[in-house]
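Beneath this line is the structure, given in structure tokens, with notes to follow.
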Amino acid sequence: MVKINELKKGRGVLLFACFMLWMSCSKPVGGDGGELTGVGAQAWSEPNPYGMVLVKRGAFAMGMAENDTAWGLFKNAKGISIDNFWMDETEITNAEYRQFVYWVRDSIIRERLYDPAFGGNELYKITEDKDGNPIEPAILDWKRPIPIEKRATEDELRAINSVNWTNPITSEKKLDPDQMIYRFAIFDATGYALRRNQLDPAKRVRNTDVEIAPDEVIMISKDTAYVNEDGKIISETITRQLSGIWDFLSNYIINIYPDETVWVNDFNNSYNEPYMRQYFNFPCFDDYPVVGISWEQARAFCTWRTEYLKRSLDGAHRYQLEPYRLPTEAEFEYAARSGRSENKYPWRQDTPVGDKDCFLGNFKPGDGNYTQDGYLTSSRVASFAPNEFGLYDMAGNVAEWTSTAYLESGPEIMNDINPQYYYNAAREDPYSMKRKVVRGGSWKDVGQYIRSDIRSFEYQNEQRSYIGFRCVRSQVGCSKGKK
């Protein structure tokens, strides 16, 4: 009996020893046991952006693969690789851009409801914080809704109507385009990262790894804007000695209303007045691509769209969000050609007209015959079949702005990974330096010029009846490679 108890005790000690050994192996004492175990980052799944398609990373030959002597075009194909990015399925429409315009309009009205010059209504002021402590001076209550005109007081009605303009001859009442001003700032993260721009002189290293003299002066250029006493927007590019991180922040004030006169000014000796009056404001054109938008206005829209989305996210994820932006020239061509080097168009065949004379896009089919494809000018977005990526109107309908500055050499000078050439033209720069790449061709172009491998340009402050845009956004986080 004694031997049995001793045996049981021996087994208990052995089991306890094995358990402790297992614990020491599977869960190191002291948290990590002195071993390198890593610290994981906080996980966050990016929601699929509404109305956008994920263009998956890949490689293709950018540019023309063969000479086209009939059009004076020469091969310049270059192999490049593109990372994942989200892209709008269609061009930005009148209805979508109008949301931006109305947001600016409502912001102006709110500020005037708060302004003493318009009555300074106390209802639109916040005088206490959430704990009941006084706020001095009071701040504007952005959450309070704008009153309906029928119920508005005299002062409120004056503020609401102050953004409208009445034609003194025709008595037509409409939104005043000159007042639709959007203020925004852009931080130059690339400029801030460059070694030559480091705030600490010891970190400024040349290609030869020779440190720059500590007393060497680094000059930085930035854009700034203000409204003068006459109410005019003054935009300037200032150059000054690098002094801090704020030198990489540029401020802009942009009139964001589309230029409705482009329908008259783009076409000499034509009667296009109805388009000038109707295209942006009539509901039947809601789903048509917005036009009369400069590159500068398109960039402002991207900035506003980013800030508008950030308002719906919590603090932590707000800063993880990649901003909306215009596509690079390389991204647009890659997306238009469905990532295929052999594609001259968004579709696989080498002509813009398919079987049984079926038109694959909106362009100018014949000499003076714009209507053969079913449309006189632009068409409702997504009127034609999408490409293999699920993107509509990547050729024809309206040409589209990219973020890339135009140089004749183009992709030849760019890197072969996420190629981009960006130049922020200063006000005093020659006009030729203010060109931006435009891609895709439009409803007024013949079939040759809506090819996906054809480059063109427009000046960044110009507005045209045949140029629109769409947004892209880099994908948040990483993706698994191919196995």
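Within each chain, counting starts at residue 1; across the structure tokens, chains are named A, B, ... in the order shown, with ligands numbered 1 upward in that order.
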
**Message:** Please extract the residues of region 241-414 of chain A with a backbone DSSP assignment of helix (DSSP H, G or I) and present them as a ChimeraX atom specification.
**Reply:** /A:245-248,262-265,273-278,283-285,295-310,315-318,329-336,355-357,371-373,410-413

Can you check which parts of region 311-423 of chain A lie within 12 Å of region 173-194 of chain A? Per residue, the shortest pair of atoms and distance in Å to one decimal, counting only C-alpha atoms, sorted by chain and number, as JSON lines.
```
{"residue": "A:Pro323", "atom": "CA", "partner": "A:Ile186", "partner_atom": "CA", "distance": 10.8}
{"residue": "A:Arg325", "atom": "CA", "partner": "A:Ile186", "partner_atom": "CA", "distance": 11.5}
{"residue": "A:Tyr422", "atom": "CA", "partner": "A:Thr190", "partner_atom": "CA", "distance": 10.5}
{"residue": "A:Tyr423", "atom": "CA", "partner": "A:Gly191", "partner_atom": "CA", "distance": 11.5}
```

**Request:** Determine the nearest neighbour of Thr306 (chain A) from the options A:Tyr275, A:Cys471, A:Asn197, A:Ile454, counting only C-alpha atoms.
**Result:** A:Cys471

**Item:** Who sits within 7 Å of Ala395 (chain A), only C-alpha atoms, same chain under 2 positions skipped, as a list of chain:residue names
**Value:**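 My list of contacting residues is A:Pro346, A:Gly361, A:Asp393, A:Asn397, A:Gly440, A:Gly441, A:Ile450, A:Arg451, A:Ser452.
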
**Request:** Counting only C-alpha atoms, figure out which residue out of A:Phe280, A:Tyr271, A:Trp263, A:Trp142 gets nearest to Arg98 (chain A).
**Result:**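 Among A:Phe280, A:Tyr271, A:Trp263, A:Trp142, it is A:Phe280 that comes nearest to Arg98 (chain A).
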
**Prompt:** In region 227-351 of chain A, what's strand (DSSP E or B) per DSSP? Answer as a PyMOL selection string?
**Reply:** chain A and resi 227+233-241+249-255+289+325

Those same residues, written as a short mmCIF file (atom, residue, chain, number, x, y, z; two decimals), in the first residue's frame with N, CA and C atoms?
```cif
data_model
loop_
_atom_site.label_atom_id
_atom_site.label_comp_id
_atom_site.auth_asym_id
_atom_site.auth_seq_id
_atom_site.Cartn_x
_atom_site.Cartn_y
_atom_site.Cartn_z
N VAL A 227 -7.59 87.09 -50.21
CA VAL A 227 -8.57 87.95 -50.88
C VAL A 227 -8.24 89.39 -50.51
N ILE A 233 -9.27 87.42 -55.62
CA ILE A 233 -8.37 86.39 -55.13
C ILE A 233 -6.96 86.67 -55.66
N ILE A 234 -6.02 86.77 -54.77
CA ILE A 234 -4.62 86.98 -55.15
C ILE A 234 -3.85 85.69 -54.82
N SER A 235 -3.30 85.06 -55.85
CA SER A 235 -2.51 83.84 -55.67
C SER A 235 -1.05 84.15 -55.96
N GLU A 236 -0.18 83.72 -55.07
CA GLU A 236 1.24 84.00 -55.21
C GLU A 236 2.07 82.76 -54.90
N THR A 237 3.25 82.71 -55.45
CA THR A 237 4.24 81.71 -55.07
C THR A 237 5.39 82.44 -54.40
N ILE A 238 5.63 82.13 -53.16
CA ILE A 238 6.69 82.81 -52.41
C ILE A 238 7.85 81.84 -52.18
N THR A 239 9.05 82.39 -52.21
CA THR A 239 10.26 81.60 -51.96
C THR A 239 10.97 82.20 -50.76
N ARG A 240 11.27 81.37 -49.77
CA ARG A 240 11.92 81.87 -48.57
C ARG A 240 12.79 80.78 -47.96
N GLN A 241 13.59 81.16 -47.01
CA GLN A 241 14.51 80.22 -46.37
C GLN A 241 13.73 79.21 -45.54
N LEU A 249 3.54 73.56 -46.43
CA LEU A 249 2.09 73.65 -46.54
C LEU A 249 1.72 74.82 -47.45
N SER A 250 1.05 74.53 -48.56
CA SER A 250 0.60 75.56 -49.49
C SER A 250 -0.89 75.79 -49.31
N ASN A 251 -1.30 77.05 -49.41
CA ASN A 251 -2.70 77.43 -49.25
C ASN A 251 -3.27 77.93 -50.56
N TYR A 252 -4.52 77.55 -50.83
CA TYR A 252 -5.16 77.91 -52.09
C TYR A 252 -6.56 78.45 -51.85
N ILE A 253 -6.97 79.36 -52.70
CA ILE A 253 -8.35 79.85 -52.74
C ILE A 253 -8.79 79.74 -54.19
N ILE A 254 -9.75 78.86 -54.45
CA ILE A 254 -10.13 78.55 -55.83
C ILE A 254 -11.62 78.81 -56.03
N ASN A 255 -11.95 79.48 -57.13
CA ASN A 255 -13.34 79.57 -57.55
C ASN A 255 -13.69 78.24 -58.21
N PRO A 289 -21.03 63.82 -67.72
CA PRO A 289 -19.77 64.24 -67.09
C PRO A 289 -19.68 65.76 -66.96
N ARG A 325 -7.34 61.81 -55.23
CA ARG A 325 -6.45 62.60 -56.05
C ARG A 325 -6.74 62.34 -57.52
#
```

At a cut-off of 12 Å, can you tabulate as CSV every residue of region 88-202 of chain A near region 41-61 of chain A together with its closest atom pair and the distance in Å to one decimal, using only C-alpha atoms and ordering rows by chain then number?
```
residue,atom,partner,partner_atom,distance
A:Asp88,CA,A:Met52,CA,4.2
A:Glu89,CA,A:Met52,CA,5.2
A:Thr90,CA,A:Gly51,CA,8.1
A:Glu91,CA,A:Gly51,CA,10.5
A:Ile92,CA,A:Gly51,CA,10.3
A:Thr93,CA,A:Gly51,CA,11.9
A:Glu96,CA,A:Gly51,CA,11.3
```

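Closest to Val398 (chain A) among A:Tyr102, A:Phe282, A:Tyr288, A:Phe85 is A:Tyr288, based on only C-alpha atoms.
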
**Asked** Which polymer residues have any atom within 9 Å of an atom of Ile139 (chain A), counting only C-alpha atoms, with same-chain residues fewer than 4 positions away left out, as a VMD selection string?
**Response** chain A and resid 114 124 to 127 135

Suppose we keep N, CA, C and O atoms; can you now write the selection as a PDB file, in the first residue's frame?
```
ATOM      1  N   TYR A 114     -23.982  83.718 -39.142  1.00  0.00           N
ATOM      2  CA  TYR A 114     -23.218  83.982 -37.925  1.00  0.00           C
ATOM      3  C   TYR A 114     -22.655  85.408 -37.918  1.00  0.00           C
ATOM      4  O   TYR A 114     -22.379  85.972 -36.865  1.00  0.00           O
ATOM      5  N   TYR A 124     -26.967  80.507 -34.249  1.00  0.00           N
ATOM      6  CA  TYR A 124     -25.900  79.864 -35.030  1.00  0.00           C
ATOM      7  C   TYR A 124     -24.541  79.986 -34.344  1.00  0.00           C
ATOM      8  O   TYR A 124     -23.518  79.713 -34.948  1.00  0.00           O
ATOM      9  N   LYS A 125     -24.556  80.387 -33.070  1.00  0.00           N
ATOM     10  CA  LYS A 125     -23.327  80.510 -32.309  1.00  0.00           C
ATOM     11  C   LYS A 125     -23.300  79.483 -31.177  1.00  0.00           C
ATOM     12  O   LYS A 125     -24.328  79.185 -30.571  1.00  0.00           O
ATOM     13  N   ILE A 126     -22.130  78.958 -30.894  1.00  0.00           N
ATOM     14  CA  ILE A 126     -21.926  78.083 -29.740  1.00  0.00           C
ATOM     15  C   ILE A 126     -21.156  78.893 -28.705  1.00  0.00           C
ATOM     16  O   ILE A 126     -20.017  79.289 -28.934  1.00  0.00           O
ATOM     17  N   THR A 127     -21.790  79.150 -27.586  1.00  0.00           N
ATOM     18  CA  THR A 127     -21.189  79.996 -26.547  1.00  0.00           C
ATOM     19  C   THR A 127     -20.691  79.205 -25.350  1.00  0.00           C
ATOM     20  O   THR A 127     -20.014  79.750 -24.490  1.00  0.00           O
ATOM     21  N   ILE A 135     -17.443  79.778 -23.955  1.00  0.00           N
ATOM     22  CA  ILE A 135     -16.457  79.819 -25.048  1.00  0.00           C
ATOM     23  C   ILE A 135     -16.367  81.268 -25.518  1.00  0.00           C
ATOM     24  O   ILE A 135     -17.358  81.852 -25.957  1.00  0.00           O
TER      25      ILE A 135
END
```

**Among listed residues A:Ala152, A:Val472, A:Leu113, A:Met394, nearest Arg337 (chain A) (using only C-alpha atoms)** =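 For Arg337 (chain A), the nearest of the given residues is A:Met394.
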
**Request:** Write out as a ChimeraX atom specification each polymer residue whose atoms come within 9 Å of region 318-322 of chain A, counting only C-alpha atoms; drop sequence neighbours fewer than 5 positions from it.
**Result:** /A:44,46,306,309-313,473-476

**Asked** Could you state the separation of CA of Asp286 (chain A) and CA of Glu400 (chain A) in Å, given to one decimal place?
**Response**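 Distance between the two atoms: 18.3 Å.
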
**Message:** One decimal, in Å: what's the spacing between CA of Ser162 (chain A) and CA of Ile109 (chain A)?
**Reply:**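 It comes out at 7.9 Å.
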
**Fill in**
Closest of A:Glu458, A:Glu388, A:Asp129, A:Asp155 to Tyr345 (chain A), counting only C-alpha atoms, is A:Glu388

**Message:** When you count only C-alpha atoms, which of these residues is closest to Met87 (chain A): A:Phe332, A:Tyr370, A:Phe267, A:Phe359?
**Reply:**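 Smallest separation from Met87 (chain A) among the options: A:Phe332.
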